[in-house]
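Let me begin by presenting the structure, written as structure tokens, before commenting on it.
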Amino acid sequence: MLSFIVFVQDFPPLKALAISVFHSIAAFNNSGFDILGGMQNLIPYQSNVLLNLTTCGLILFGGLGFLVILDIIKNRSFRKLCLHSKVVITTSAALLLIGTILLKVTEDITWLGAFFHSVSARTAGFSTYTIGEFSNGGLFTLILLMFIGASPGSTGGGIKTSTFFVLLQSVKSLVTKTHFCAFRRSISQTGISKAYIITFLSLLVVCCGTFLLCILEPEFSFIQLLFEVTSAFGTVGLSTGITPDLGAVSKIAMVLIMFIGRLGAFTLASMWVIRPEPTVRYTEESITIG
């Protein structure tokens, strides 16, 4: 309904209704499909506050995850939420704030534009400015946001906000030599190990994909190819504009990367391993790290 108020000003009522329904579903599901055509995305509406905030709200709601949404509806108090919900909400808010500031600093865009792209880069794929005109600093900021992605159990991709939170907290606990905990709750060593494995496998997919495209598409810059691969892995859909010009092999590689990003690198890697946990362990011995 809110999107219809905007689109009906530029399209006939029935078409505006269809566009509004499609756009709302694409925003909530973090798919980011552009229905306006001409690869213009939402650039004509970059200064429309209502459509920008409506789209951001749908993206954020869909990216939180259904478990978090149910927890919020049930408890309606941050203090009563489970640990997972607290981690997701705080991490999402921090990434949103930091991303907005970094994009505003690196790009000549409005605060609304910086806020919108900070939200959209978390796997939604909508844009109100031409991504191809962004500086390397702005593109790298978007790459980081796309790699982290949305939250577990949501409609988005990436390594997920909870994984990123666990990585930061584990580094903090190692540096400060304190017990690993968050919001007065301890997190299992299994969860920490899984976070590191997911991040490592995800980086491996992005690095291999970027290296392959560097070989197949030498006419494009490294930052463009890295952006393209990370966008595919995070199932974001943002592009600097080079996607239509990629070769057939490169597009097939991008499809595979999107498939891996949607299912999860950890899931694909572990689904082939079917064996019982070993009952015998070797003698432990330390090695020098760092």
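Ordered as shown in the structure tokens, chains take letters A, B, and onward, while each chain numbers its residues from 1 and ligands are numbered from 1 in the order shown.
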**Request:** Could you give me, as a list in words, the residues within 10 Å of A:Ser3, counting only C-alpha atoms and dropping anything in the same chain fewer than 3 positions from it?
**Result:** Val6, Phe7, Val8, Ala16, Leu17, Ile19, Ser20, Val21, His23, Ser24, Leu50, Leu51, Asn52, Leu53, Thr54 and Thr55 of chain A
Go ahead and write the selection's residues with N, CA, C and O atoms as a tab-separated table (two decimals), in the first residue's frame.
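After the write, part_22.tsv holds the following:
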```
chain	number	residue	atom	x	y	z
A	6	VAL	N	3.41	5.71	-4.07
A	6	VAL	CA	4.50	6.30	-4.85
A	6	VAL	C	4.37	5.95	-6.32
A	6	VAL	O	4.43	6.82	-7.19
A	7	PHE	N	4.18	4.66	-6.62
A	7	PHE	CA	4.19	4.22	-8.02
A	7	PHE	C	2.97	4.69	-8.81
A	7	PHE	O	3.05	4.86	-10.02
A	8	VAL	N	1.86	4.92	-8.14
A	8	VAL	CA	0.65	5.34	-8.85
A	8	VAL	C	0.80	6.75	-9.42
A	8	VAL	O	0.05	7.16	-10.31
A	16	ALA	N	0.60	0.12	-11.49
A	16	ALA	CA	1.23	0.58	-10.25
A	16	ALA	C	0.99	-0.43	-9.13
A	16	ALA	O	1.89	-0.70	-8.32
A	17	LEU	N	-0.20	-1.03	-9.10
A	17	LEU	CA	-0.51	-2.04	-8.09
A	17	LEU	C	0.36	-3.28	-8.28
A	17	LEU	O	0.90	-3.84	-7.33
A	19	ILE	N	3.28	-3.47	-9.82
A	19	ILE	CA	4.66	-3.12	-9.50
A	19	ILE	C	4.87	-3.08	-7.99
A	19	ILE	O	5.88	-3.55	-7.47
A	20	SER	N	3.88	-2.54	-7.28
A	20	SER	CA	3.98	-2.43	-5.82
A	20	SER	C	4.03	-3.80	-5.16
A	20	SER	O	4.83	-4.03	-4.24
A	21	VAL	N	3.19	-4.72	-5.61
A	21	VAL	CA	3.17	-6.07	-5.05
A	21	VAL	C	4.50	-6.78	-5.33
A	21	VAL	O	5.12	-7.36	-4.44
A	23	HIS	N	7.41	-5.43	-6.10
A	23	HIS	CA	8.51	-4.75	-5.41
A	23	HIS	C	8.54	-5.10	-3.92
A	23	HIS	O	9.61	-5.32	-3.35
A	24	SER	N	7.38	-5.17	-3.30
A	24	SER	CA	7.31	-5.47	-1.87
A	24	SER	C	7.79	-6.89	-1.58
A	24	SER	O	8.53	-7.12	-0.62
A	50	LEU	N	9.46	8.12	1.25
A	50	LEU	CA	8.49	7.08	1.57
A	50	LEU	C	8.88	5.73	0.97
A	50	LEU	O	8.90	4.71	1.67
A	51	LEU	N	9.22	5.71	-0.32
A	51	LEU	CA	9.59	4.45	-0.97
A	51	LEU	C	10.90	3.91	-0.42
A	51	LEU	O	11.06	2.70	-0.23
A	52	ASN	N	11.85	4.81	-0.15
A	52	ASN	CA	13.14	4.37	0.40
A	52	ASN	C	12.97	3.71	1.76
A	52	ASN	O	13.50	2.63	2.00
A	53	LEU	N	12.22	4.34	2.64
A	53	LEU	CA	12.04	3.81	3.99
A	53	LEU	C	11.16	2.55	3.99
A	53	LEU	O	11.39	1.62	4.77
A	54	THR	N	10.15	2.53	3.11
A	54	THR	CA	9.31	1.34	3.00
A	54	THR	C	10.13	0.14	2.54
A	54	THR	O	10.02	-0.96	3.10
A	55	THR	N	10.95	0.37	1.52
A	55	THR	CA	11.79	-0.71	1.00
A	55	THR	C	12.79	-1.17	2.05
A	55	THR	O	13.00	-2.38	2.25
```
Give me the residues of stretch 167-254 of chain A that have any atom at most 9 Å from an atom of stretch 60-84 of chain A; for each, the nearest atom pair and the distance in Å, rounded to one decimal. Use only C-alpha atoms, sort by chain and number, and format it as a tab-separated table.
```
residue	atom	partner	partner_atom	distance
A:Ala182	CA	A:Leu83	CA	7.9
A:Phe183	CA	A:Leu83	CA	7.1
A:Arg185	CA	A:Leu83	CA	7.4
```
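Compared by their closest atoms to A:Val206, and using only C-alpha atoms, the residues A:Leu142, A:Leu112, A:Leu225, A:Leu95 rank with A:Leu225 nearest.
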**Message:** Let's see if you can do this: from backbone DSSP, list all strand (DSSP E or B) residues in stretch 23-266 of chain A, as a PyMOL selection string.
**Reply:** chain A and resi 181-182+185-186
**Prompt:** Within 12 Å of A:Glu219, counting only C-alpha atoms, which residues qualify if same-chain residues fewer than 6 places away don't, as a VMD selection string?
**Reply:** chain A and resid 213 225 242 245 to 247
**All residues 7 Å or closer to stretch 143-160 of chain A, only C-alpha atoms, same chain fewer than 3 positions away omitted, as a PyMOL selection string** = chain A and resi 29-30+62-67+88+121-123+139-140+163-164+198-199+227+230-231+233-236+261-262
Kindly save the residues from that selection, with C-alpha atoms included, as a compact mmCIF listing (two decimals), in the first residue's frame.
```
# COMPACT_ATOMS: atom_id res chain seq x y z
CA ASN A 29 12.51 -11.79 0.26
CA ASN A 30 15.79 -9.90 -0.27
CA GLY A 62 12.94 -10.11 5.93
CA GLY A 63 16.64 -10.17 6.79
CA LEU A 64 16.20 -10.55 10.56
CA GLY A 65 15.02 -14.13 10.25
CA PHE A 66 11.70 -15.71 11.10
CA LEU A 67 12.91 -17.02 14.47
CA VAL A 88 21.08 -10.60 15.45
CA ALA A 121 23.86 -4.40 0.51
CA ARG A 122 22.85 -6.91 3.19
CA THR A 123 21.56 -9.14 0.31
CA LEU A 139 32.63 -0.61 -3.40
CA PHE A 140 34.80 -2.22 -0.73
CA THR A 163 28.67 -15.75 12.51
CA PHE A 164 30.30 -12.32 12.26
CA ILE A 198 31.86 -21.05 7.67
CA THR A 199 33.95 -17.90 7.25
CA PHE A 227 32.29 -7.11 -6.21
CA THR A 230 30.76 -11.36 -3.54
CA SER A 231 27.38 -10.13 -4.71
CA PHE A 233 27.86 -15.41 -3.10
CA GLY A 234 25.72 -13.22 -0.84
CA THR A 235 22.79 -13.61 -3.27
CA VAL A 236 22.58 -9.83 -3.32
CA GLY A 261 25.88 -18.95 -1.33
CA ARG A 262 22.20 -19.78 -0.98
```
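Atom CA of A:Leu204 is positioned 19.9 Å from atom CA of A:Gly191.
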**Request:** Just the alpha helix (DSSP H) stuff from stretch 7-150 of chain A, please, per backbone DSSP, written as a PyMOL selection string.
**Result:** chain A and resi 7+13-28+49-64+66-75+83-106+111-120+136-148
**Asked** Counting only C-alpha atoms, what is within 7 Å of A:Val119, bar same-chain residues fewer than 4 positions away, as a PyMOL selection string?
**Response** chain A and resi 56+96+115
**Message:** I need the residue nearest A:Leu36 from this list: A:Thr243, A:Asn136, A:Thr210, A:Ala18. Use only C-alpha atoms for the distance.
**Reply:** A:Ala18
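What separates atom CA of A:Thr100 from atom CA of A:Gly132 is a distance of 18.3 Å.
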**Message:** Just the number, please: distance in Å from atom CA of A:Ile223 to atom CA of A:Leu238, one decimal.
**Reply:** 13.5 Å
